[in-house]
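Note: the block below is final_20.cif and it holds mmCIF, N, CA and C atoms.
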```
data_coords
loop_
_atom_site.label_atom_id
_atom_site.label_comp_id
_atom_site.auth_asym_id
_atom_site.auth_seq_id
_atom_site.Cartn_x
_atom_site.Cartn_y
_atom_site.Cartn_z
N MET A 296 -241.52 -22.41 18.69
CA MET A 296 -241.63 -21.57 19.87
C MET A 296 -243.10 -21.43 20.22
N ARG A 297 -243.41 -21.64 21.44
CA ARG A 297 -244.79 -21.62 21.88
C ARG A 297 -244.97 -20.54 22.93
N LEU A 298 -246.01 -19.73 22.75
CA LEU A 298 -246.31 -18.65 23.69
C LEU A 298 -247.30 -19.13 24.74
N GLY A 299 -247.07 -18.71 25.96
CA GLY A 299 -248.02 -19.01 27.02
C GLY A 299 -249.22 -18.10 26.93
N PRO A 300 -250.27 -18.38 27.69
CA PRO A 300 -251.49 -17.57 27.63
C PRO A 300 -251.24 -16.11 28.02
N ALA A 301 -250.40 -15.86 29.00
CA ALA A 301 -250.13 -14.48 29.42
C ALA A 301 -249.41 -13.71 28.33
N ALA A 302 -248.45 -14.36 27.67
CA ALA A 302 -247.70 -13.70 26.60
C ALA A 302 -248.61 -13.43 25.41
N LEU A 303 -249.50 -14.37 25.13
CA LEU A 303 -250.43 -14.20 24.01
C LEU A 303 -251.38 -13.04 24.26
N VAL A 304 -251.90 -12.91 25.46
CA VAL A 304 -252.80 -11.80 25.81
C VAL A 304 -252.05 -10.47 25.72
N CYS A 305 -250.83 -10.45 26.19
CA CYS A 305 -250.01 -9.24 26.13
C CYS A 305 -249.76 -8.83 24.68
N PHE A 306 -249.42 -9.82 23.85
CA PHE A 306 -249.16 -9.55 22.44
C PHE A 306 -250.41 -9.03 21.73
N LEU A 307 -251.54 -9.66 21.98
CA LEU A 307 -252.78 -9.24 21.33
C LEU A 307 -253.23 -7.85 21.79
N SER A 308 -253.02 -7.52 23.05
CA SER A 308 -253.40 -6.18 23.52
C SER A 308 -252.51 -5.12 22.88
N PHE A 309 -251.24 -5.47 22.62
CA PHE A 309 -250.35 -4.53 21.96
C PHE A 309 -250.76 -4.33 20.50
N VAL A 310 -251.11 -5.41 19.84
CA VAL A 310 -251.51 -5.35 18.44
C VAL A 310 -252.80 -4.54 18.29
N LEU A 311 -253.74 -4.71 19.20
CA LEU A 311 -255.00 -4.00 19.12
C LEU A 311 -254.84 -2.51 19.38
N ARG A 312 -253.82 -2.10 20.12
CA ARG A 312 -253.63 -0.69 20.43
C ARG A 312 -252.96 0.08 19.30
N THR A 313 -252.24 -0.57 18.43
CA THR A 313 -251.56 0.12 17.35
C THR A 313 -252.55 0.50 16.27
N GLU A 314 -252.28 1.62 15.63
CA GLU A 314 -253.14 2.05 14.53
C GLU A 314 -252.66 1.40 13.25
N CYS A 315 -253.59 1.03 12.42
CA CYS A 315 -253.24 0.31 11.20
C CYS A 315 -252.83 1.26 10.08
N ALA A 316 -253.36 2.45 10.07
CA ALA A 316 -253.05 3.40 9.01
C ALA A 316 -252.51 4.68 9.62
N PRO A 317 -251.63 5.35 8.90
CA PRO A 317 -251.12 6.61 9.43
C PRO A 317 -252.21 7.67 9.41
N PRO A 318 -252.12 8.66 10.28
CA PRO A 318 -253.16 9.68 10.30
C PRO A 318 -253.14 10.52 9.03
N THR A 319 -254.31 10.91 8.59
CA THR A 319 -254.42 11.79 7.44
C THR A 319 -254.31 13.23 7.91
N CYS A 320 -254.22 14.15 6.98
CA CYS A 320 -254.16 15.57 7.35
C CYS A 320 -255.41 15.96 8.13
N TYR A 321 -256.55 15.50 7.64
CA TYR A 321 -257.81 15.84 8.28
C TYR A 321 -257.88 15.28 9.69
N SER A 322 -257.53 14.01 9.86
CA SER A 322 -257.62 13.41 11.19
C SER A 322 -256.62 14.04 12.15
N ARG A 323 -255.44 14.40 11.66
CA ARG A 323 -254.45 15.04 12.53
C ARG A 323 -254.92 16.44 12.92
N ALA A 324 -255.47 17.20 11.99
CA ALA A 324 -255.97 18.54 12.31
C ALA A 324 -257.14 18.47 13.29
N LEU A 325 -258.03 17.52 13.08
CA LEU A 325 -259.18 17.35 13.96
C LEU A 325 -258.73 16.93 15.36
N GLY A 326 -257.82 15.99 15.44
CA GLY A 326 -257.32 15.53 16.74
C GLY A 326 -256.56 16.62 17.48
N LEU A 327 -255.76 17.37 16.75
CA LEU A 327 -254.99 18.45 17.37
C LEU A 327 -255.90 19.57 17.86
N SER A 328 -256.97 19.85 17.13
CA SER A 328 -257.90 20.89 17.59
C SER A 328 -258.60 20.46 18.88
N LYS A 329 -258.92 19.19 19.01
CA LYS A 329 -259.52 18.69 20.25
C LYS A 329 -258.53 18.75 21.40
N GLU A 330 -257.26 18.42 21.13
CA GLU A 330 -256.23 18.51 22.15
C GLU A 330 -256.06 19.96 22.63
N ILE A 331 -256.11 20.89 21.71
CA ILE A 331 -255.96 22.31 22.06
C ILE A 331 -257.12 22.77 22.93
N MET A 332 -258.34 22.37 22.57
CA MET A 332 -259.49 22.77 23.38
C MET A 332 -259.42 22.19 24.78
N THR A 333 -258.97 20.95 24.92
CA THR A 333 -258.81 20.33 26.23
C THR A 333 -257.75 21.05 27.04
N LEU A 334 -256.64 21.37 26.41
CA LEU A 334 -255.56 22.08 27.09
C LEU A 334 -255.99 23.49 27.50
N LEU A 335 -256.74 24.16 26.64
CA LEU A 335 -257.24 25.49 26.99
C LEU A 335 -258.16 25.45 28.20
N GLU A 336 -258.98 24.42 28.28
CA GLU A 336 -259.86 24.27 29.43
C GLU A 336 -259.04 24.07 30.71
N LYS A 337 -257.99 23.28 30.62
CA LYS A 337 -257.12 23.08 31.78
C LYS A 337 -256.43 24.37 32.18
N ILE A 338 -255.98 25.14 31.21
CA ILE A 338 -255.29 26.40 31.50
C ILE A 338 -256.25 27.38 32.16
N HIS A 339 -257.48 27.43 31.71
CA HIS A 339 -258.46 28.35 32.29
C HIS A 339 -258.88 27.93 33.71
N ASN A 340 -258.78 26.65 34.03
CA ASN A 340 -259.24 26.17 35.33
C ASN A 340 -258.12 25.95 36.35
N PHE A 341 -256.87 25.82 35.92
CA PHE A 341 -255.76 25.55 36.82
C PHE A 341 -255.34 26.84 37.52
N HIS A 342 -255.13 26.79 38.82
CA HIS A 342 -254.88 28.01 39.60
C HIS A 342 -253.59 28.72 39.19
N ARG A 343 -252.58 28.00 38.72
CA ARG A 343 -251.32 28.64 38.34
C ARG A 343 -251.38 29.33 36.98
N THR A 344 -252.27 28.90 36.12
CA THR A 344 -252.35 29.48 34.79
C THR A 344 -253.62 30.28 34.55
N LYS A 345 -254.47 30.36 35.55
CA LYS A 345 -255.74 31.08 35.39
C LYS A 345 -255.50 32.55 35.07
N THR A 346 -254.53 33.17 35.73
CA THR A 346 -254.25 34.59 35.45
C THR A 346 -253.64 34.76 34.06
N CYS A 347 -252.90 33.77 33.60
CA CYS A 347 -252.32 33.83 32.24
C CYS A 347 -253.42 33.74 31.18
N ALA A 348 -254.45 32.99 31.47
CA ALA A 348 -255.52 32.77 30.51
C ALA A 348 -256.42 34.00 30.34
N GLU A 349 -256.35 34.93 31.28
CA GLU A 349 -257.20 36.12 31.17
C GLU A 349 -256.86 36.95 29.93
N VAL A 350 -255.63 36.89 29.48
CA VAL A 350 -255.20 37.66 28.31
C VAL A 350 -255.57 36.97 27.00
N LEU A 351 -255.73 35.67 27.05
CA LEU A 351 -256.00 34.90 25.83
C LEU A 351 -257.40 35.17 25.30
N PRO A 352 -257.51 35.34 23.98
CA PRO A 352 -258.85 35.51 23.40
C PRO A 352 -259.61 34.19 23.40
N THR A 353 -260.92 34.27 23.37
CA THR A 353 -261.72 33.04 23.30
C THR A 353 -261.65 32.48 21.89
N ILE A 354 -261.57 31.18 21.82
CA ILE A 354 -261.50 30.53 20.52
C ILE A 354 -262.15 29.16 20.63
N PHE A 355 -262.95 28.82 19.65
CA PHE A 355 -263.58 27.51 19.54
C PHE A 355 -263.08 26.90 18.24
N MET A 356 -262.32 25.83 18.37
CA MET A 356 -261.68 25.21 17.21
C MET A 356 -262.71 24.55 16.30
N ASP A 357 -262.66 24.90 15.03
CA ASP A 357 -263.47 24.27 14.01
C ASP A 357 -262.64 24.24 12.73
N VAL A 358 -262.07 23.10 12.43
CA VAL A 358 -261.20 23.01 11.26
C VAL A 358 -261.99 23.08 9.95
N HIS A 359 -263.33 23.10 10.04
CA HIS A 359 -264.16 23.21 8.85
C HIS A 359 -264.50 24.67 8.54
N ASN A 360 -264.03 25.59 9.35
CA ASN A 360 -264.31 27.01 9.20
C ASN A 360 -263.09 27.68 8.57
N SER A 361 -263.30 28.41 7.49
CA SER A 361 -262.17 29.03 6.79
C SER A 361 -261.53 30.15 7.61
N CYS A 362 -262.20 30.66 8.61
CA CYS A 362 -261.64 31.73 9.45
C CYS A 362 -260.63 31.19 10.47
N ILE A 363 -260.48 29.90 10.56
CA ILE A 363 -259.61 29.31 11.57
C ILE A 363 -258.15 29.73 11.39
N THR A 364 -257.71 29.91 10.17
CA THR A 364 -256.30 30.28 9.97
C THR A 364 -255.99 31.66 10.53
N ALA A 365 -256.87 32.61 10.28
CA ALA A 365 -256.65 33.96 10.81
C ALA A 365 -256.74 33.97 12.34
N LYS A 366 -257.69 33.24 12.89
CA LYS A 366 -257.85 33.20 14.35
C LYS A 366 -256.66 32.51 15.01
N LEU A 367 -256.16 31.43 14.40
CA LEU A 367 -254.98 30.76 14.95
C LEU A 367 -253.76 31.67 14.92
N ARG A 368 -253.62 32.41 13.83
CA ARG A 368 -252.50 33.35 13.71
C ARG A 368 -252.58 34.43 14.78
N ASP A 369 -253.77 34.97 15.01
CA ASP A 369 -253.95 35.99 16.04
C ASP A 369 -253.72 35.42 17.43
N PHE A 370 -254.21 34.22 17.67
CA PHE A 370 -254.04 33.57 18.97
C PHE A 370 -252.57 33.30 19.24
N LEU A 371 -251.87 32.86 18.23
CA LEU A 371 -250.43 32.60 18.36
C LEU A 371 -249.67 33.88 18.64
N TYR A 372 -250.08 34.98 18.02
CA TYR A 372 -249.44 36.28 18.28
C TYR A 372 -249.60 36.67 19.75
N VAL A 373 -250.78 36.46 20.30
CA VAL A 373 -251.02 36.78 21.71
C VAL A 373 -250.16 35.89 22.61
N LEU A 374 -250.05 34.62 22.28
CA LEU A 374 -249.22 33.71 23.08
C LEU A 374 -247.75 34.10 23.05
N LEU A 375 -247.26 34.43 21.87
CA LEU A 375 -245.85 34.79 21.74
C LEU A 375 -245.53 36.13 22.40
N ASN A 376 -246.49 37.02 22.47
CA ASN A 376 -246.27 38.36 23.03
C ASN A 376 -247.05 38.56 24.32
N HIS A 377 -247.18 37.50 25.09
CA HIS A 377 -247.91 37.59 26.36
C HIS A 377 -247.22 38.63 27.25
N PRO A 378 -247.99 39.52 27.89
CA PRO A 378 -247.38 40.58 28.69
C PRO A 378 -246.60 40.08 29.91
N ASN A 379 -246.91 38.89 30.39
CA ASN A 379 -246.25 38.36 31.57
C ASN A 379 -245.21 37.32 31.14
N GLN A 380 -243.96 37.58 31.43
CA GLN A 380 -242.87 36.69 31.06
C GLN A 380 -243.02 35.31 31.72
N ASP A 381 -243.48 35.29 32.98
CA ASP A 381 -243.68 34.01 33.67
C ASP A 381 -244.71 33.15 32.96
N CYS A 382 -245.75 33.78 32.44
CA CYS A 382 -246.79 33.02 31.72
C CYS A 382 -246.23 32.41 30.44
N ARG A 383 -245.35 33.11 29.78
CA ARG A 383 -244.76 32.60 28.55
C ARG A 383 -243.94 31.34 28.80
N GLN A 384 -243.42 31.21 30.03
CA GLN A 384 -242.53 30.09 30.33
C GLN A 384 -243.23 28.94 31.07
N ARG A 385 -244.49 29.08 31.40
CA ARG A 385 -245.22 28.00 32.07
C ARG A 385 -245.34 26.82 31.11
N PRO A 386 -245.14 25.61 31.62
CA PRO A 386 -245.15 24.43 30.73
C PRO A 386 -246.43 24.28 29.91
N ARG A 387 -247.58 24.50 30.51
CA ARG A 387 -248.84 24.34 29.76
C ARG A 387 -248.97 25.40 28.68
N MET A 388 -248.47 26.59 28.95
CA MET A 388 -248.53 27.65 27.95
C MET A 388 -247.57 27.34 26.79
N VAL A 389 -246.42 26.79 27.10
CA VAL A 389 -245.45 26.41 26.07
C VAL A 389 -246.03 25.28 25.21
N ILE A 390 -246.66 24.31 25.84
CA ILE A 390 -247.29 23.21 25.09
C ILE A 390 -248.42 23.74 24.20
N LEU A 391 -249.21 24.67 24.74
CA LEU A 391 -250.29 25.27 23.95
C LEU A 391 -249.73 25.99 22.73
N LYS A 392 -248.66 26.74 22.94
CA LYS A 392 -248.04 27.46 21.83
C LYS A 392 -247.57 26.48 20.75
N ARG A 393 -246.93 25.39 21.15
CA ARG A 393 -246.45 24.39 20.18
C ARG A 393 -247.60 23.74 19.42
N LYS A 394 -248.66 23.40 20.14
CA LYS A 394 -249.81 22.75 19.49
C LYS A 394 -250.48 23.69 18.50
N ILE A 395 -250.61 24.95 18.86
CA ILE A 395 -251.23 25.91 17.95
C ILE A 395 -250.33 26.15 16.75
N GLN A 396 -249.03 26.22 16.95
CA GLN A 396 -248.11 26.36 15.83
C GLN A 396 -248.21 25.15 14.90
N ASN A 397 -248.29 23.96 15.47
CA ASN A 397 -248.42 22.74 14.66
C ASN A 397 -249.71 22.73 13.86
N LEU A 398 -250.82 23.09 14.52
CA LEU A 398 -252.10 23.10 13.81
C LEU A 398 -252.10 24.15 12.70
N TYR A 399 -251.54 25.31 12.98
CA TYR A 399 -251.46 26.36 11.96
C TYR A 399 -250.62 25.88 10.76
N THR A 400 -249.51 25.22 11.05
CA THR A 400 -248.66 24.71 9.98
C THR A 400 -249.36 23.61 9.19
N ILE A 401 -250.06 22.74 9.88
CA ILE A 401 -250.79 21.67 9.19
C ILE A 401 -251.85 22.25 8.27
N ILE A 402 -252.60 23.22 8.76
CA ILE A 402 -253.70 23.78 7.96
C ILE A 402 -253.17 24.61 6.79
N THR A 403 -252.14 25.42 7.02
CA THR A 403 -251.70 26.35 5.97
C THR A 403 -250.65 25.79 5.03
N ARG A 404 -249.87 24.81 5.48
CA ARG A 404 -248.78 24.33 4.62
C ARG A 404 -248.90 22.85 4.26
N VAL A 405 -248.94 22.00 5.27
CA VAL A 405 -248.89 20.56 5.04
C VAL A 405 -250.14 20.07 4.32
N CYS A 406 -251.29 20.48 4.79
CA CYS A 406 -252.56 20.00 4.23
C CYS A 406 -253.24 21.05 3.37
N TYR A 407 -252.50 22.00 2.87
CA TYR A 407 -253.09 23.04 2.06
C TYR A 407 -253.81 22.40 0.88
N ARG A 408 -255.05 22.72 0.70
CA ARG A 408 -255.96 22.21 -0.33
C ARG A 408 -256.50 20.81 -0.04
N ASP A 409 -256.05 20.17 1.02
CA ASP A 409 -256.60 18.87 1.39
C ASP A 409 -257.81 19.03 2.30
N LEU A 410 -257.81 20.09 3.10
CA LEU A 410 -258.93 20.34 4.00
C LEU A 410 -260.03 21.09 3.26
N VAL A 411 -261.26 20.75 3.58
CA VAL A 411 -262.41 21.40 2.96
C VAL A 411 -263.09 22.25 4.02
N PHE A 412 -263.27 23.52 3.73
CA PHE A 412 -263.95 24.43 4.65
C PHE A 412 -265.42 24.50 4.26
N PHE A 413 -266.29 24.20 5.23
CA PHE A 413 -267.72 24.19 4.97
C PHE A 413 -268.38 25.53 5.28
N THR A 414 -267.71 26.36 6.04
CA THR A 414 -268.30 27.63 6.45
C THR A 414 -267.23 28.70 6.54
N ASP A 415 -267.67 29.94 6.56
CA ASP A 415 -266.77 31.07 6.77
C ASP A 415 -267.35 32.01 7.82
N ASP A 416 -267.93 31.43 8.84
CA ASP A 416 -268.57 32.16 9.93
C ASP A 416 -267.53 32.45 11.01
N CYS A 417 -266.93 33.62 10.94
CA CYS A 417 -265.87 33.98 11.89
C CYS A 417 -266.40 34.17 13.31
N ASN A 418 -267.66 34.57 13.44
CA ASN A 418 -268.24 34.72 14.78
C ASN A 418 -268.38 33.38 15.48
N ALA A 419 -268.52 32.31 14.73
CA ALA A 419 -268.65 30.99 15.33
C ALA A 419 -267.38 30.58 16.06
N ILE A 420 -266.23 31.02 15.58
CA ILE A 420 -264.97 30.70 16.24
C ILE A 420 -264.84 31.49 17.54
N ASP A 421 -265.40 32.68 17.57
CA ASP A 421 -265.35 33.50 18.79
C ASP A 421 -266.39 33.08 19.82
N THR A 422 -267.58 32.70 19.36
CA THR A 422 -268.68 32.42 20.28
C THR A 422 -268.96 30.93 20.47
N GLY A 423 -268.62 30.12 19.49
CA GLY A 423 -268.94 28.70 19.57
C GLY A 423 -270.30 28.36 19.00
N HIS A 424 -271.04 29.36 18.55
CA HIS A 424 -272.37 29.13 17.97
C HIS A 424 -272.35 29.52 16.50
N SER A 425 -272.71 28.57 15.66
CA SER A 425 -272.72 28.81 14.23
C SER A 425 -274.13 29.16 13.78
N SER A 426 -274.23 30.21 12.98
CA SER A 426 -275.53 30.57 12.43
C SER A 426 -275.65 29.95 11.04
N PRO A 427 -276.86 29.57 10.64
CA PRO A 427 -277.01 28.95 9.31
C PRO A 427 -276.65 29.95 8.22
N HIS A 428 -275.92 29.49 7.27
CA HIS A 428 -275.46 30.34 6.17
C HIS A 428 -275.85 29.66 4.86
N TYR A 429 -276.71 30.31 4.13
CA TYR A 429 -277.16 29.74 2.87
C TYR A 429 -276.32 30.27 1.72
N ALA A 430 -276.03 29.40 0.80
CA ALA A 430 -275.33 29.82 -0.41
C ALA A 430 -276.30 30.60 -1.28
N GLU A 431 -275.76 31.27 -2.29
CA GLU A 431 -276.61 32.11 -3.13
C GLU A 431 -277.71 31.32 -3.83
N ASP A 432 -277.39 30.12 -4.31
CA ASP A 432 -278.41 29.35 -5.02
C ASP A 432 -279.52 28.90 -4.08
N ARG A 433 -279.19 28.54 -2.85
CA ARG A 433 -280.20 28.15 -1.86
C ARG A 433 -281.05 29.35 -1.47
N LEU A 434 -280.43 30.50 -1.32
CA LEU A 434 -281.16 31.72 -0.99
C LEU A 434 -282.12 32.09 -2.12
N GLN A 435 -281.69 31.95 -3.33
CA GLN A 435 -282.53 32.24 -4.47
C GLN A 435 -283.73 31.29 -4.50
N LEU A 436 -283.54 30.02 -4.21
CA LEU A 436 -284.65 29.06 -4.17
C LEU A 436 -285.65 29.41 -3.08
N LEU A 437 -285.14 29.86 -1.91
CA LEU A 437 -286.01 30.25 -0.82
C LEU A 437 -286.87 31.46 -1.20
N GLN A 438 -286.29 32.41 -1.93
CA GLN A 438 -287.02 33.60 -2.34
C GLN A 438 -288.05 33.27 -3.42
N GLU A 439 -287.72 32.33 -4.30
CA GLU A 439 -288.63 31.96 -5.38
C GLU A 439 -289.85 31.20 -4.85
N GLU A 440 -289.68 30.47 -3.73
CA GLU A 440 -290.78 29.70 -3.17
C GLU A 440 -291.85 30.60 -2.57
N ARG A 441 -291.50 31.79 -2.20
CA ARG A 441 -292.47 32.72 -1.59
C ARG A 441 -293.38 33.19 -2.64
#
```
Since I need it in another form, could you write the structure as structure tokens?
Amino acid sequence: MRLGPAALVCFLSFVLRTECAPPTCYSRALGLSKEIMTLLEKIHNFHRTKTCAEVLPTIFMDVHNSCITAKLRDFLYVLLNHPNQDCRQRPRMVILKRKIQNLYTIITRVCYRDLVFFTDDCNAIDTGHSSPHYAEDRLQLLQEER
């Protein structure tokens, strides 16, 4: 059986698009956090969901921050108990709720102990700006150098 040039190009483009390895817990959590941030931006800017977004707390996804689990839980509580019934049923809000539930489940159950948290700066999740945090041994070295 011989493939023509068009069939060969089509086959190769399909092969190049497929992923060779399944996603890891870390890559799935990282990808889902980016999807959530993109969706949140759309919700805040779209005229039909802009009023719904006023109730939502600000959140900056960082899967390397240990405070993310508590913030996701609080954010999910606000989504589930949104004061406006119409907002709860909007498609983008429903998708956001599902994505946040999935990320929360991945972080707390599926990938428990697989993810490494580099910081515990809870203000960074609220503001998006992380302040440098030195461990005790680094702080001790800084004090000894003086």
Exercise. Could you give me, as a ChimeraX atom specification, the residues that have an atom at most 10 Å away from the point (-250.1, 25.1, 15.8) in the coordinates of the file, using only C-alpha atoms?
Key: /A:324,327-328,331,364,367-368,370-371,390-402
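Picture a line from atom C of A:Ile363 to atom C of A:His342; it runs 28.2 Å.
Distance check against A:Phe413 using only C-alpha atoms: of A:Leu335, A:Cys362, A:Ala348, A:Val373, the minimum falls on A:Cys362.
The two atoms in question, atom N of A:Leu410 and atom N of A:Tyr321, are spaced 6.6 Å apart.
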Determine, counting only C-alpha atoms, which protein, DNA and RNA residues have an atom within 8 Å of an atom of A:Phe355; residues of the same chain fewer than 6 positions away are not included. Present the result as a PDB file with N, CA and C atoms, in the frame of the given file.
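Full text of around24.pdb as output:
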```pdb
ATOM      1  N   MET A 332    -258.340  22.370  22.570  1.00  0.00           N
ATOM      2  CA  MET A 332    -259.490  22.770  23.380  1.00  0.00           C
ATOM      3  C   MET A 332    -259.420  22.190  24.780  1.00  0.00           C
ATOM      4  N   ALA A 419    -268.520  32.310  14.730  1.00  0.00           N
ATOM      5  CA  ALA A 419    -268.650  30.990  15.330  1.00  0.00           C
ATOM      6  C   ALA A 419    -267.380  30.580  16.060  1.00  0.00           C
ATOM      7  N   ILE A 420    -266.230  31.020  15.580  1.00  0.00           N
ATOM      8  CA  ILE A 420    -264.970  30.700  16.240  1.00  0.00           C
ATOM      9  C   ILE A 420    -264.840  31.490  17.540  1.00  0.00           C
ATOM     10  N   ASP A 421    -265.400  32.680  17.570  1.00  0.00           N
ATOM     11  CA  ASP A 421    -265.350  33.500  18.790  1.00  0.00           C
ATOM     12  C   ASP A 421    -266.390  33.080  19.820  1.00  0.00           C
ATOM     13  N   THR A 422    -267.580  32.700  19.360  1.00  0.00           N
ATOM     14  CA  THR A 422    -268.680  32.420  20.280  1.00  0.00           C
ATOM     15  C   THR A 422    -268.960  30.930  20.470  1.00  0.00           C
ATOM     16  N   GLY A 423    -268.620  30.120  19.490  1.00  0.00           N
ATOM     17  CA  GLY A 423    -268.940  28.700  19.570  1.00  0.00           C
ATOM     18  C   GLY A 423    -270.300  28.360  19.000  1.00  0.00           C
TER      19      GLY A 423
END
```
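In this model, the gap between atom C of A:Lys329 and atom N of A:Thr346 comes to 20.7 Å.
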Self-check item: Counting only C-alpha atoms, the residue of A:Val405, A:Cys382, A:Leu374, A:Ile354 that sits nearest A:Asn418
Solution: A:Ile354
